[in-house]
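In what follows, a structure is listed as structure tokens, so that the remarks can point back to it.
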Amino acid sequence: MERTQQDVMGKRCIYIMLSDTGTLLTRAIRVYTHQRYNHISMVLDGDFDQIYSFGRVKANNPFIGGFINESETKIFDIFDETTCTILKLDVDDLTYDNITQSIKSFKEDRDLYRYNLIGYIGFIINHPIKRQNAYFCSQFVSETLERNGVKLFNKPPELVLPSDFLECDAMTQIYSGKFSQFAEIV
């Protein structure tokens, strides 16, 4: 399966990856959400060597979070039974370039960002809590897209679940299964 960042229609592709590492923290979150996937990442290229999200800064410590490149943290190597669903979103060139710039800004200023743990409380009570330079994974993906002209949901990014992306008509599912098997075909 060959993927490129630009398809035959002249549009660019952004990939959204929902994942389940099977960790204790993931299982605990699933008790509340009742969803198969409780983590989400954004990928800007078909090689999947740059997987961006908000999560564990160090794969072996779930309590320190921030902006990450999951390829650098090696999270999927450590949790090699990780399952995922990968969705493709077609965007125009300008939108793609703007999202790429947003990600570049996150990377350059990664030390300013932290994980929005307090935002989970707002999520539980259905009241968005927006904190400066703090995100959780689905808030990061949703807000980055929305800030760059891709509004997918009729709710604030602070209330978007990873599973909401599965219900989005703008997304095309391209894979579902073990991440390790997907990584072999990329």
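Residue names in the structure tokens use chain letters A, B, ... in the order shown, residue numbers from 1 in each chain, and ligand numbers from 1 in the order shown.
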
(request) Identify all residues of chain A in strand (DSSP E) (DSSP on the backbone) and supply them as a ChimeraX atom specification. (result) /A:12-20,39-43,51-58,61-69,83-91,114-115,134-135,171-178

Between segment 121-181 of chain A and segment 45-64 of chain A, at 12 Å or less, what are the per-residue closest atom pairs and their distances in Å? Count only C-alpha atoms, order by chain and rising residue number, and return it as a tab-separated table.
residue	atom	partner	partner_atom	distance
A:Asn133	CA	A:Phe54	CA	11.2
A:Ala134	CA	A:Phe54	CA	9.0
A:Tyr135	CA	A:Phe54	CA	6.6
A:Phe136	CA	A:Phe54	CA	5.5
A:Cys137	CA	A:Phe54	CA	4.7
A:Ser138	CA	A:Ser53	CA	8.3
A:Gln139	CA	A:Phe54	CA	8.9
A:Phe140	CA	A:Phe54	CA	6.9
A:Val141	CA	A:Ser53	CA	7.3
A:Ser142	CA	A:Ser53	CA	10.9
A:Glu143	CA	A:Ser53	CA	11.8
A:Thr144	CA	A:Ser53	CA	10.6
A:Pro162	CA	A:Ser53	CA	11.7
A:Ile174	CA	A:Gly46	CA	11.6
A:Phe179	CA	A:Phe48	CA	10.8
A:Ser180	CA	A:Phe48	CA	11.9

Go ahead and dump the residues you just picked, all heavy atoms, as a CSV table (one decimal), in the first residue's frame.
chain,number,residue,atom,x,y,z
A,133,ASN,N,-1.1,26.9,26.3
A,133,ASN,CA,0.0,26.0,26.1
A,133,ASN,C,-0.2,24.6,26.7
A,133,ASN,O,0.8,23.9,27.0
A,133,ASN,CB,1.3,26.6,26.5
A,133,ASN,CG,1.6,27.8,25.7
A,133,ASN,OD1,1.2,28.0,24.6
A,133,ASN,ND2,2.4,28.7,26.3
A,134,ALA,N,-1.4,24.2,26.9
A,134,ALA,CA,-1.7,22.8,27.4
A,134,ALA,C,-2.8,22.2,26.6
A,134,ALA,O,-3.8,22.8,26.3
A,134,ALA,CB,-2.1,22.9,28.9
A,135,TYR,N,-2.5,20.9,26.2
A,135,TYR,CA,-3.4,20.2,25.4
A,135,TYR,C,-3.4,18.7,25.8
A,135,TYR,O,-2.5,18.2,26.4
A,135,TYR,CB,-2.9,20.2,23.9
A,135,TYR,CG,-2.9,21.5,23.3
A,135,TYR,CD1,-1.8,22.3,23.4
A,135,TYR,CD2,-4.0,22.0,22.5
A,135,TYR,CE1,-1.7,23.6,22.8
A,135,TYR,CE2,-3.9,23.2,21.9
A,135,TYR,CZ,-2.8,24.0,22.1
A,135,TYR,OH,-2.8,25.2,21.5
A,136,PHE,N,-4.6,18.0,25.5
A,136,PHE,CA,-4.5,16.6,25.5
A,136,PHE,C,-4.7,16.2,24.1
A,136,PHE,O,-4.9,17.0,23.2
A,136,PHE,CB,-5.6,15.9,26.4
A,136,PHE,CG,-7.0,16.5,26.2
A,136,PHE,CD1,-7.9,16.0,25.3
A,136,PHE,CD2,-7.5,17.5,27.1
A,136,PHE,CE1,-9.1,16.4,25.1
A,136,PHE,CE2,-8.8,18.0,26.9
A,136,PHE,CZ,-9.6,17.4,25.9
A,137,CYS,N,-4.5,14.9,23.8
A,137,CYS,CA,-4.3,14.5,22.4
A,137,CYS,C,-5.4,14.9,21.4
A,137,CYS,O,-5.1,15.5,20.3
A,137,CYS,CB,-4.0,13.0,22.3
A,137,CYS,SG,-5.4,11.9,22.9
A,138,SER,N,-6.6,14.6,21.7
A,138,SER,CA,-7.7,14.9,20.8
A,138,SER,C,-7.9,16.4,20.7
A,138,SER,O,-8.3,16.9,19.6
A,138,SER,CB,-9.0,14.2,21.1
A,138,SER,OG,-9.4,14.4,22.4
A,139,GLN,N,-7.7,17.1,21.7
A,139,GLN,CA,-7.8,18.6,21.7
A,139,GLN,C,-6.7,19.2,20.8
A,139,GLN,O,-7.0,20.0,19.9
A,139,GLN,CB,-7.6,19.2,23.1
A,139,GLN,CG,-7.6,20.7,23.2
A,139,GLN,CD,-7.1,21.2,24.6
A,139,GLN,OE1,-6.7,20.4,25.4
A,139,GLN,NE2,-7.2,22.5,24.7
A,140,PHE,N,-5.5,18.7,20.9
A,140,PHE,CA,-4.4,19.1,20.0
A,140,PHE,C,-4.8,18.9,18.5
A,140,PHE,O,-4.6,19.8,17.7
A,140,PHE,CB,-3.1,18.4,20.4
A,140,PHE,CG,-2.1,18.3,19.3
A,140,PHE,CD1,-1.4,19.5,18.9
A,140,PHE,CD2,-1.8,17.2,18.6
A,140,PHE,CE1,-0.5,19.5,17.9
A,140,PHE,CE2,-0.9,17.1,17.6
A,140,PHE,CZ,-0.2,18.3,17.2
A,141,VAL,N,-5.2,17.7,18.2
A,141,VAL,CA,-5.5,17.4,16.8
A,141,VAL,C,-6.6,18.2,16.3
A,141,VAL,O,-6.6,18.9,15.2
A,141,VAL,CB,-5.8,15.9,16.6
A,141,VAL,CG1,-6.2,15.6,15.1
A,141,VAL,CG2,-4.5,15.0,16.9
A,142,SER,N,-7.7,18.3,17.0
A,142,SER,CA,-8.9,19.0,16.6
A,142,SER,C,-8.6,20.5,16.5
A,142,SER,O,-9.0,21.2,15.5
A,142,SER,CB,-10.0,18.8,17.6
A,142,SER,OG,-11.2,19.5,17.3
A,143,GLU,N,-7.9,21.1,17.5
A,143,GLU,CA,-7.6,22.5,17.5
A,143,GLU,C,-6.7,22.9,16.3
A,143,GLU,O,-6.8,23.9,15.7
A,143,GLU,CB,-7.1,23.0,18.8
A,143,GLU,CG,-6.9,24.5,18.9
A,143,GLU,CD,-6.6,25.0,20.2
A,143,GLU,OE1,-7.3,24.6,21.2
A,143,GLU,OE2,-5.7,25.8,20.4
A,144,THR,N,-5.7,22.0,16.1
A,144,THR,CA,-4.7,22.3,15.0
A,144,THR,C,-5.4,22.3,13.7
A,144,THR,O,-5.2,23.2,12.9
A,144,THR,CB,-3.6,21.3,15.0
A,144,THR,OG1,-2.9,21.4,16.3
A,144,THR,CG2,-2.6,21.5,13.9
A,162,PRO,N,-11.2,11.1,20.7
A,162,PRO,CA,-10.6,10.5,19.5
A,162,PRO,C,-11.6,9.7,18.7
A,162,PRO,O,-11.6,9.8,17.4
A,162,PRO,CB,-9.6,9.5,20.1
A,162,PRO,CG,-9.2,10.2,21.4
A,162,PRO,CD,-10.5,10.8,21.9
A,174,ILE,N,-8.1,4.0,6.2
A,174,ILE,CA,-7.2,3.2,5.3
A,174,ILE,C,-6.5,2.0,5.9
A,174,ILE,O,-5.9,1.2,5.2
A,174,ILE,CB,-6.1,4.2,4.7
A,174,ILE,CG1,-5.2,4.7,5.8
A,174,ILE,CG2,-6.6,5.3,3.9
A,174,ILE,CD1,-3.9,5.3,5.3
A,179,PHE,N,-0.3,-1.8,15.0
A,179,PHE,CA,0.6,-0.8,14.4
A,179,PHE,C,1.9,-1.5,13.9
A,179,PHE,O,2.4,-1.0,12.8
A,179,PHE,CB,0.9,0.3,15.4
A,179,PHE,CG,1.8,1.3,14.9
A,179,PHE,CD1,1.4,2.3,14.1
A,179,PHE,CD2,3.2,1.3,15.1
A,179,PHE,CE1,2.2,3.2,13.5
A,179,PHE,CE2,4.1,2.2,14.6
A,179,PHE,CZ,3.6,3.2,13.8
A,180,SER,N,2.4,-2.5,14.5
A,180,SER,CA,3.6,-3.1,14.1
A,180,SER,C,3.4,-3.7,12.7
A,180,SER,O,4.4,-3.7,11.9
A,180,SER,CB,4.0,-4.2,15.0
A,180,SER,OG,3.0,-5.2,15.2

Excluding Thr83 of chain A and its own-chain neighbours fewer than 3 positions away, which residues fall within 9 Å of it when counting only C-alpha atoms? Please give them as a VMD selection string.
chain A and resid 18 to 22 37 80 176 to 180

Take the residues just selected and output them with C-alpha atoms as a PDB file, in the first residue's frame.
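part.pdb was written with the following content:
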ATOM      1  CA  LEU A  18      -6.232   6.448  16.672  1.00  0.00           C
ATOM      2  CA  SER A  19      -4.402   4.006  18.906  1.00  0.00           C
ATOM      3  CA  ASP A  20      -4.645   1.738  21.918  1.00  0.00           C
ATOM      4  CA  THR A  21      -1.373   0.744  23.565  1.00  0.00           C
ATOM      5  CA  GLY A  22      -3.092  -1.509  26.089  1.00  0.00           C
ATOM      6  CA  TYR A  37      -9.381   4.111  21.047  1.00  0.00           C
ATOM      7  CA  ASP A  80       4.367  -3.578  20.430  1.00  0.00           C
ATOM      8  CA  SER A 176      -7.148  -1.010  11.104  1.00  0.00           C
ATOM      9  CA  GLY A 177      -5.055  -3.518  13.034  1.00  0.00           C
ATOM     10  CA  LYS A 178      -1.719  -3.805  14.820  1.00  0.00           C
ATOM     11  CA  PHE A 179       0.578  -0.821  14.397  1.00  0.00           C
ATOM     12  CA  SER A 180       3.599  -3.124  14.068  1.00  0.00           C
TER      13      SER A 180
END

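Rounded to one decimal, atom CA of Ile99 of chain A and atom CA of Leu44 of chain A lie 8.7 Å from each other.
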
| query | Where does DSSP see helix (DSSP H, G or I) in segment 17-120 of chain A, if you list the residues as a PyMOL selection string? | reply | chain A and resi 24-33+70-73+75-78+93-108+110-112+117-120

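Closest approach to Ser105 of chain A among A:Gln173, A:Val150, A:Phe67, A:Ile29 is made by A:Phe67 (distances from only C-alpha atoms).
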
With distances taken over only C-alpha atoms, the candidate from A:Leu145, A:Val31, A:Leu112, A:Ile14 nearest Gln132 of chain A is A:Leu112

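Put simply, atom CA of Glu158 of chain A is 26.8 Å away from atom CA of Asp93 of chain A.
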
- Which residue out of A:Ala28, A:Asn148, A:Leu166, A:Met17 has the minimum interatomic distance to Val91 of chain A when only C-alpha atoms are used?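 Answer, going by the shortest atom-to-atom distance: A:Asn148.
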
query: What is the distance, in Å and to one decimal place, between atom CA of Glu167 of chain A and atom CA of Ile124 of chain A?
result: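 We find that atom CA of Glu167 of chain A and atom CA of Ile124 of chain A lie 20.4 Å from each other.
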
- request: Write out as a list in words the residues lying within 9 Å of Lys107 of chain A, counting only C-alpha atoms and excluding same-chain residues fewer than 5 positions away.
  value: Phe67, Ile68, Asn69 and Ser102 of chain A

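Closest approach to Val160 of chain A from the set A:Asp90, A:Phe123, A:Arg147, A:Ile129 is made by A:Phe123, with distances taken over only C-alpha atoms.
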
Requested in this report: Point out the residue among A:Lys88, A:Tyr32, A:Gly149, A:Ile103 with the least atom-to-atom distance to Asp169 of chain A, counting only C-alpha atoms.
Outcome: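 Answer, going by the shortest atom-to-atom distance: A:Lys88.
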
Residue neighbourhood Gly122 of chain A, 12 Å, only C-alpha atoms, exclusion window fewer than 3 positions, as a list in words
Asn116, Leu117, Ile118, Gly119, Ile125, Asn126, His127, Pro128, Ile129, Lys130, Arg131, Phe136, Gln139, Pro156, Pro157, Glu158, Leu159 and Val160 of chain A

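Minimum distance to Arg110 of chain A across A:Gly66, A:Thr26, A:Leu89, A:Asp77 (counting only C-alpha atoms) occurs at A:Gly66.
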